[in-house]
Each structure stands twice: as C-alpha cells, then as structure tokens.
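Below you'll find the structure, written out as structure tokens, and then a few comments.
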Amino acid sequence: MKITVEEDKCCAGGQCVLAAPEVFDQRDEDGIVVLLTDTPDSSKYEAVREAAQICPAACIHVADN
Amino acid sequence: MTPDAGREPARVVVVGASAAGLAVVEAARSQGYRGELTLIGDEPHLPYDRPPLSKQLLTGDWPPERLLLREQAHLDGLAVTMKLGQPASTVDADAREVVLADGDRVPYDALVVTTGVRARCLPGSDGISGVHVLRTLQDALALRAELVPGRRLVVLGAGVLGAEAAAVARGLGAEVTVLDPLAWPLARIVNREIGGWLAEVHREHGVDLRCSCAPVTGLHAAEGHVAAVELADGTVLPADTVLVAIGATPAVEWLAGSPVTIGGPEPASGSGGVLCDPRGQAAPGIYAAGDVAAWQDPATGEYRRYEHRLNATEQGRAVARALLDPGFTPPPSVPYFWSDQYDLKLQTFGTLDADDEFIVVDGSLGARRFIGVSHRDGLVRGALGVGMPRQLRAWRTAVAEHAPWKETTPA
C-alpha cells in the first residue's frame, strides 16, 4: 500500500488522525494533514482505507501495490 | 420477516450520486459486498464535492476536475453501474423498482436514498437573469462568471453559503451586500458572541452586512436582468447580481407514494427529510443517508437532519454496514462542520446552542485564533475553533461524551 495526500485540499478536520493515529497527524500551525508514513504495514491497511473514505475533503489516496 | 433480515441483498440501488451515495457504494465494497451495485444521479457528472463550490471553485483557484471525489479508475474498481444524468421519478415499492425520468425501471432488493437537498429559490425570480442559487457545479460556474471588480452583488442569507460566497466575492473585487432577517451571521450554527465577531470580520473586509433585516419583498428587473432588491421597509438596493442563499429543501418529491415517511418542518421532527431509524432504515428495504436523511437520535428520540459534509460520508458508510449486517448499530456521531471565510477557518464539533454557556478556553477572539467551548448543566456540548484545528480536535471526545465541563483541555 502506498498513501498520497493532497495538502491543498485538506480541510484540517483531523478525521484521518482519529481513524489511523499511527499513520496521520496534523500540523500544529494550521491542522493540515501530515503523513507519518506513506507505506504503512499491513496491520494498518483497514484503518488507512477508513481514513481515506471518511476524509471530508477526499484528499487521501491509497494505491495498492 | 422483512426482506432485509438475515440475508445480503442481491441488488443495492443508490439514488443520489454525491458524497453520501459514493460512501454507500465504496463502503459496501470494502465490507466485502459482492452483489450488484447501481448508482443513479440526476447530474451528468461523476460524483463531485460540494464544499469547494463556495470556496476554491468560486475563487477560480480550482478547475472543476479538482472537485471529483474519486478518479474514474477508482470507480471502475468498485464495479458500480453508474446511471448519471438520469433523475429518478418514482419508486414502485411493490415491484421493488426505481422508475427513472426516461421510463427505465431499475430493480432493487435494497434502495438507498441519497438525493440530498435542493437550493430554495426566491419566489418571483423566475426568468430574471443575474439571480443565482449555489448548489451545483453549474450554479457555481454561472455565479463565478459574474463576480468581477465593481459588480454589485446582493447576497440573500448570511448562512454558511452566503457568508462564504460573500468573502470570495470581496476577494474578487465585487461590491457585496449581505441581507439576513436573523440577528447575526451563521445564526443556526454559532452563538451570538461568535456571530457578532464574525460580522465584524465581514465588515472589516468591506461587506455591507445587514442582519435583523426587513424581509425581501421582490426584485426589480430591467430588460430581463435583475436591477435591485426591494425590502419590506421600502429600502431598494441596486444589484447587478443576486445570490439567493436562503437554505435548501430535501429532494424527496420523487418518493411520494413510497412507504417512507417525510418529517415535519421543525428541526426536531426532521426538517422535511426522510425519517430513518438510528441505523438509517426508512422502510423495509429502504434506507437514507446524508443531507436528505433525518435519522432518529436514540438518546432523545428526535429526528435530526444535518447538511454537513462529514455527516454524508458517515451515514453513507453506516448504511452500507447496516445493509450487510442486520445486527450493526452505528456508534454515536459527533456533528462536525467547517467553513472557510477570508483567511479564517472555523470548525465546530457538537452544537453551540444560543442558551448554552460559552467560554473561550484558548487564544482570543481579538487574535482571530481561539477555541471556545459551550456547556450546559455542567456538561460539554460543543467546541468551536478558529485557526487552531489540532488543538480543537483534543476537545472532540469531551463533546462526544458530554464530559463534565472544566476549562482545561481534556487529556
């Protein structure tokens, strides 16, 4: 799995952090998404897919290898 | 036994191809659903996102393609039959078929209603050019074409849509007047203190914001184009362009004669939406999600409809689960909302009722960077943040659990 994010689409809602806190964080100054890893281990796949689906700005993209 | 009980539906038909409808089909596939999925939409476009219509699309920063919620290749991977540009006209619940406007009949075992809302129009404005609503991509492109320096824009309604459009229009150099009969902007979402603060922000940016305004009685037109807005107190405001942002009504007409129940006009009775149980079921085999749906709150018994972007996705995902698992009960959700105006981002978790106590716990209104928390009877009800998204998120659990109020950020 490879994750990409479109920072300029991010609405800083933090839903991704709630879904997958080991993969996503938010910048202190403006809350924009920070990717802690773009290739998470398989135990995180389900949480990452949930984060991508729930994101209210649709700015998280997941590609399966 | 209802047809939903115990067995996975062979054919799921989703009517409404926006955020909620997309969430249903996407979540159904991620839950392992292998049956037939059909997504029906009245607009010709692939599912696209609406919040940017009054933000990045209206400013011209983003081309329409950037609004697509998913790429075509991703949608192909979901194996969904898409019927776009084809409005549904009725439901034949006995035959279990959706009837499309062109007469085509689409059979279903489970039907999901995600038709959203329609912008309310101003009576008497038909056929007058320069009068706009803002709900669809076409609406936004038509409005954008008129927002040029010096253009006199009158916005009817200081809700989220009107306030965001006013901010964008000022940025594009238009002369902007905003009218609202309520006492402060975003009055249905924020309290008086925040509303007053926000009004000041708009006035500083040159918006002529008139709250507690007399009702609009009509439009003046010259050669078929809008020329002025007239108010009940006799005021006549010259206008080159009018944006009617006075709310929206659930798109439920096509459900007339179906077994679903439509709610009453009050917020606690579902504000005209499709009444659903706490897992989104409206009638045997029929579910609803998103702006059109009024789900029952198990805690209060009230039916509430939310026109919030995150709610569309959450309910769509929950319906997909409920369709496939009769024992599934969705976790309580926390209303989340955001709005971008000028360089400010407002976000709320929960609700800020006018009667609740509201305390700024971090930053300050003057600095335009703060978090305020509302509480009632000693329990946290909502939190609003401006420019502090990460810190605001720390309050979400306290809002969700109605935690005992204290002024420090919950650990």
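So you can find residues: chains in the structure tokens are A, B, ... in the order shown, residues in each start at 1, and ligands are numbered from 1 in order.
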Q: Pick out the residues sitting within 6 Å of range 148-164 of chain B, and hand them over as a PyMOL selection string; count only C-alpha atoms, and ignore anything fewer than 3 positions along from it in its own chain.
A: chain B and resi 167+173-180+185-186+239-246+341
Sort by chain and increasing residue number a table of all residues of chain B within 8 Å of chain A, each with its closest pair of atoms and their distance in Å to one decimal, counting only C-alpha atoms, and write it as CSV.
```
residue,atom,partner,partner_atom,distance
B:Ala23,CA,A:Gln53,CA,7.1
B:Glu26,CA,A:Gln53,CA,7.7
B:Ala27,CA,A:Gln53,CA,7.8
B:Asp49,CA,A:Ala57,CA,7.7
B:Leu69,CA,A:Ala58,CA,5.9
B:Arg70,CA,A:Ala58,CA,7.7
B:Arg309,CA,A:Pro56,CA,6.2
B:Leu310,CA,A:Pro56,CA,5.3
B:Thr313,CA,A:Ile54,CA,6.0
B:Glu314,CA,A:Ile54,CA,6.8
B:Trp338,CA,A:Gly13,CA,7.8
B:Gln347,CA,A:Gly13,CA,7.8
B:Gly387,CA,A:Asp30,CA,6.4
B:Met388,CA,A:Asp30,CA,6.6
B:Pro389,CA,A:Gly31,CA,4.9
B:Arg390,CA,A:Gly31,CA,5.2
B:Arg393,CA,A:Gly14,CA,6.8
```
Q | CA of Leu219 in chain B to CA of Gly206 in chain B, distance in Å rounded to a single decimal | A | 23.7 Å
Q: Write out as JSON, numbers by chain all residues of chain A that backbone DSSP assigns to alpha helix (DSSP H).
A: {"A": [15, 16, 17, 18, 19, 45, 46, 47, 48, 49, 50, 51, 52, 53, 54]}
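Look at Gln72 in chain B: the protein and nucleic acid residues within 8 Å of it, using only C-alpha atoms and passing over chain neighbours fewer than 3 places away, are B:Leu46, B:Leu75, B:Asp76.
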Q | Backbone-only DSSP, strand (DSSP E or B) members of range 90-270 of chain B, as a ChimeraX atom specification | A | /B:90-92,97-100,105-107,110-113,117-119,129,131-132,152-156,175-179,208-210,216-222,225-231,236-238,241-244,248-250,262,269
**Q.** Between CA of Glu223 in chain B and CA of Gly124 in chain B - distance in Å to one decimal
**A.**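 Computing the Euclidean distance for CA of Gly124 in chain B and CA of Glu223 in chain B yields 15.6 Å.
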Q) Near Phe358 in chain B, counting only C-alpha atoms, which residues have an atom at most 10 Å away, once you skip same-chain residues fewer than 6 positions from it, shown as a VMD selection string? A) chain B and resid 191 to 194 352 372 to 376 380 to 384
Could the residues in this selection be written to a file with all heavy atoms, as a tab-separated table (two decimals), in the first residue's frame?
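Result saved to part.tsv:
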```
chain	number	residue	atom	x	y	z
B	191	ASN	N	-23.22	30.85	18.12
B	191	ASN	CA	-23.97	31.67	19.09
B	191	ASN	C	-23.76	33.15	18.82
B	191	ASN	O	-23.03	33.54	17.91
B	191	ASN	CB	-23.57	31.28	20.52
B	191	ASN	CG	-22.07	31.44	20.75
B	191	ASN	OD1	-21.40	32.20	20.05
B	191	ASN	ND2	-21.54	30.73	21.71
B	192	ARG	N	-24.39	33.98	19.64
B	192	ARG	CA	-24.37	35.43	19.42
B	192	ARG	C	-22.96	36.00	19.49
B	192	ARG	O	-22.58	36.85	18.69
B	192	ARG	CB	-25.26	36.12	20.47
B	192	ARG	CG	-25.26	37.64	20.37
B	192	ARG	CD	-26.11	38.26	21.46
B	192	ARG	NE	-27.53	38.00	21.26
B	192	ARG	CZ	-28.33	38.78	20.51
B	192	ARG	NH1	-27.83	39.83	19.88
B	192	ARG	NH2	-29.60	38.50	20.40
B	193	GLU	N	-22.17	35.50	20.44
B	193	GLU	CA	-20.81	36.04	20.61
B	193	GLU	C	-19.97	35.81	19.35
B	193	GLU	O	-19.31	36.71	18.85
B	193	GLU	CB	-20.15	35.37	21.83
B	193	GLU	CG	-18.79	35.95	22.16
B	193	GLU	CD	-18.22	35.38	23.45
B	193	GLU	OE1	-18.91	34.57	24.11
B	193	GLU	OE2	-17.09	35.75	23.80
B	194	ILE	N	-20.00	34.58	18.85
B	194	ILE	CA	-19.22	34.26	17.66
B	194	ILE	C	-19.82	34.94	16.43
B	194	ILE	O	-19.10	35.43	15.56
B	194	ILE	CB	-19.15	32.73	17.45
B	194	ILE	CG1	-18.45	32.06	18.63
B	194	ILE	CG2	-18.45	32.38	16.14
B	194	ILE	CD1	-17.03	32.54	18.86
B	352	LEU	N	-23.55	24.46	19.30
B	352	LEU	CA	-23.42	25.65	20.15
B	352	LEU	C	-24.79	26.31	20.23
B	352	LEU	O	-25.10	27.22	19.47
B	352	LEU	CB	-22.42	26.64	19.54
B	352	LEU	CG	-20.94	26.31	19.71
B	352	LEU	CD1	-20.48	25.38	18.62
B	352	LEU	CD2	-20.12	27.57	19.71
B	372	GLY	N	-13.40	27.99	21.68
B	372	GLY	CA	-14.45	28.24	22.66
B	372	GLY	C	-15.24	26.96	22.88
B	372	GLY	O	-15.42	26.17	21.95
B	373	VAL	N	-15.66	26.76	24.11
B	373	VAL	CA	-16.39	25.54	24.45
B	373	VAL	C	-17.74	25.93	25.02
B	373	VAL	O	-17.84	26.84	25.86
B	373	VAL	CB	-15.60	24.69	25.46
B	373	VAL	CG1	-16.40	23.46	25.90
B	373	VAL	CG2	-14.27	24.25	24.84
B	374	SER	N	-18.79	25.25	24.56
B	374	SER	CA	-20.11	25.53	25.10
B	374	SER	C	-20.50	24.41	26.05
B	374	SER	O	-20.19	23.24	25.82
B	374	SER	CB	-21.15	25.68	23.99
B	374	SER	OG	-21.42	24.44	23.40
B	375	HIS	N	-21.15	24.79	27.14
B	375	HIS	CA	-21.58	23.76	28.09
B	375	HIS	C	-22.93	24.14	28.66
B	375	HIS	O	-23.32	25.31	28.67
B	375	HIS	CB	-20.54	23.55	29.20
B	375	HIS	CG	-20.20	24.77	29.98
B	375	HIS	ND1	-20.80	25.10	31.16
B	375	HIS	CD2	-19.31	25.76	29.73
B	375	HIS	CE1	-20.30	26.24	31.61
B	375	HIS	NE2	-19.39	26.66	30.76
B	376	ARG	N	-23.65	23.13	29.11
B	376	ARG	CA	-24.99	23.32	29.70
B	376	ARG	C	-25.12	22.33	30.85
B	376	ARG	O	-24.71	21.17	30.71
B	376	ARG	CB	-26.06	23.05	28.65
B	376	ARG	CG	-27.47	23.39	29.15
B	376	ARG	CD	-28.53	22.75	28.29
B	376	ARG	NE	-28.43	23.16	26.89
B	376	ARG	CZ	-29.14	22.61	25.91
B	376	ARG	NH1	-29.99	21.64	26.16
B	376	ARG	NH2	-28.99	23.02	24.68
B	380	VAL	N	-20.18	19.38	28.74
B	380	VAL	CA	-19.69	19.93	27.47
B	380	VAL	C	-20.63	19.53	26.34
B	380	VAL	O	-21.02	18.37	26.22
B	380	VAL	CB	-18.26	19.41	27.17
B	380	VAL	CG1	-17.82	19.83	25.78
B	380	VAL	CG2	-17.28	19.91	28.22
B	381	ARG	N	-21.02	20.52	25.51
B	381	ARG	CA	-21.96	20.26	24.40
B	381	ARG	C	-21.33	20.49	23.04
B	381	ARG	O	-21.74	19.88	22.06
B	381	ARG	CB	-23.17	21.19	24.51
B	381	ARG	CG	-23.79	21.25	25.88
B	381	ARG	CD	-24.84	20.21	26.06
B	381	ARG	NE	-25.89	20.37	25.06
B	381	ARG	CZ	-26.91	19.53	24.94
B	381	ARG	NH1	-27.00	18.49	25.74
B	381	ARG	NH2	-27.83	19.72	24.03
B	382	GLY	N	-20.38	21.40	22.96
B	382	GLY	CA	-19.80	21.71	21.66
B	382	GLY	C	-18.51	22.49	21.82
B	382	GLY	O	-18.23	23.04	22.88
B	383	ALA	N	-17.72	22.49	20.75
B	383	ALA	CA	-16.48	23.27	20.75
B	383	ALA	C	-16.32	23.91	19.38
B	383	ALA	O	-16.60	23.28	18.36
B	383	ALA	CB	-15.29	22.38	21.07
B	384	LEU	N	-15.91	25.16	19.37
B	384	LEU	CA	-15.67	25.87	18.12
B	384	LEU	C	-14.26	26.39	18.13
B	384	LEU	O	-13.79	26.95	19.13
B	384	LEU	CB	-16.66	27.03	17.97
B	384	LEU	CG	-16.46	27.94	16.75
B	384	LEU	CD1	-17.81	28.35	16.18
B	384	LEU	CD2	-15.66	29.19	17.09
```
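Taking CA of Gly234 in chain B and CA of Ser125 in chain B as endpoints, the distance between them is 18.6 Å.
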Q: Name all residues at most 7 Å from range 253-263 of chain B (count only C-alpha atoms; drop same-chain ones fewer than 4 positions away) and give them as a ChimeraX atom specification.
A: /B:88-93,269-275,282-283
Contacts of Leu36 in chain A at 12 Å or less, counting only C-alpha atoms, minus same-chain residues fewer than 6 places along, as a JSON list (two decimals) with C-alpha atoms, in the first residue's frame?
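Produced file part16.json, reproduced below:
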```
[["chain", "number", "residue", "atom", "x", "y", "z"],
["A", 3, "ILE", "CA", -0.55, 6.60, 0.51],
["A", 4, "THR", "CA", -0.53, 10.05, -1.02],
["A", 5, "VAL", "CA", -2.25, 13.19, 0.26],
["A", 16, "CYS", "CA", -7.81, 10.76, 9.44],
["A", 17, "VAL", "CA", -5.96, 11.07, 12.77],
["A", 20, "ALA", "CA", -5.42, 5.93, 11.93],
["A", 21, "PRO", "CA", -3.36, 7.85, 14.52],
["A", 22, "GLU", "CA", -0.17, 5.93, 13.76],
["A", 23, "VAL", "CA", -0.27, 6.96, 10.10],
["A", 24, "PHE", "CA", -1.68, 10.51, 10.10],
["A", 25, "ASP", "CA", -1.09, 13.62, 12.16],
["A", 26, "GLN", "CA", -1.89, 17.34, 11.79],
["A", 27, "ARG", "CA", 0.49, 20.29, 11.56],
["A", 48, "VAL", "CA", -5.98, 3.76, 6.39]]
```
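Within 9 Å of Lys55 in chain B, once only C-alpha atoms are used and residues closer than 3 positions along the same chain are dropped, the contacting residues are Pro51, Pro52, Leu58, Thr59, Gly60, Asp61, Glu164, Ala165, Ala167, Val168, Asp340 and Gln341 of chain B.
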Could those selected residues go to a file with C-alpha atoms, as a short mmCIF file (atom, residue, chain, number, x, y, z; two decimals), in the first residue's frame?
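What ended up in selection.cif:
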```cif
data_model
loop_
_atom_site.label_atom_id
_atom_site.label_comp_id
_atom_site.auth_asym_id
_atom_site.auth_seq_id
_atom_site.Cartn_x
_atom_site.Cartn_y
_atom_site.Cartn_z
CA PRO B 51 -17.95 22.42 -0.20
CA PRO B 52 -15.41 23.82 -2.72
CA LEU B 58 -15.79 30.10 -6.86
CA THR B 59 -12.45 31.89 -6.45
CA GLY B 60 -11.26 30.27 -9.67
CA ASP B 61 -8.33 28.62 -7.89
CA GLU B 164 -18.51 32.10 2.17
CA ALA B 165 -19.68 33.44 -1.19
CA ALA B 167 -15.98 36.51 1.30
CA VAL B 168 -14.98 35.12 -2.11
CA ASP B 340 -13.52 28.98 5.21
CA GLN B 341 -14.05 32.75 5.14
#
```
**Q.** Nearest to Thr39 in chain A, chosen from A:Asn65, A:Ala19, A:Ala52, A:Ile60, with only C-alpha atoms counted in the distances
**A.**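 Of A:Asn65, A:Ala19, A:Ala52, A:Ile60, the one nearest Thr39 in chain A, counting only C-alpha atoms, is A:Asn65.
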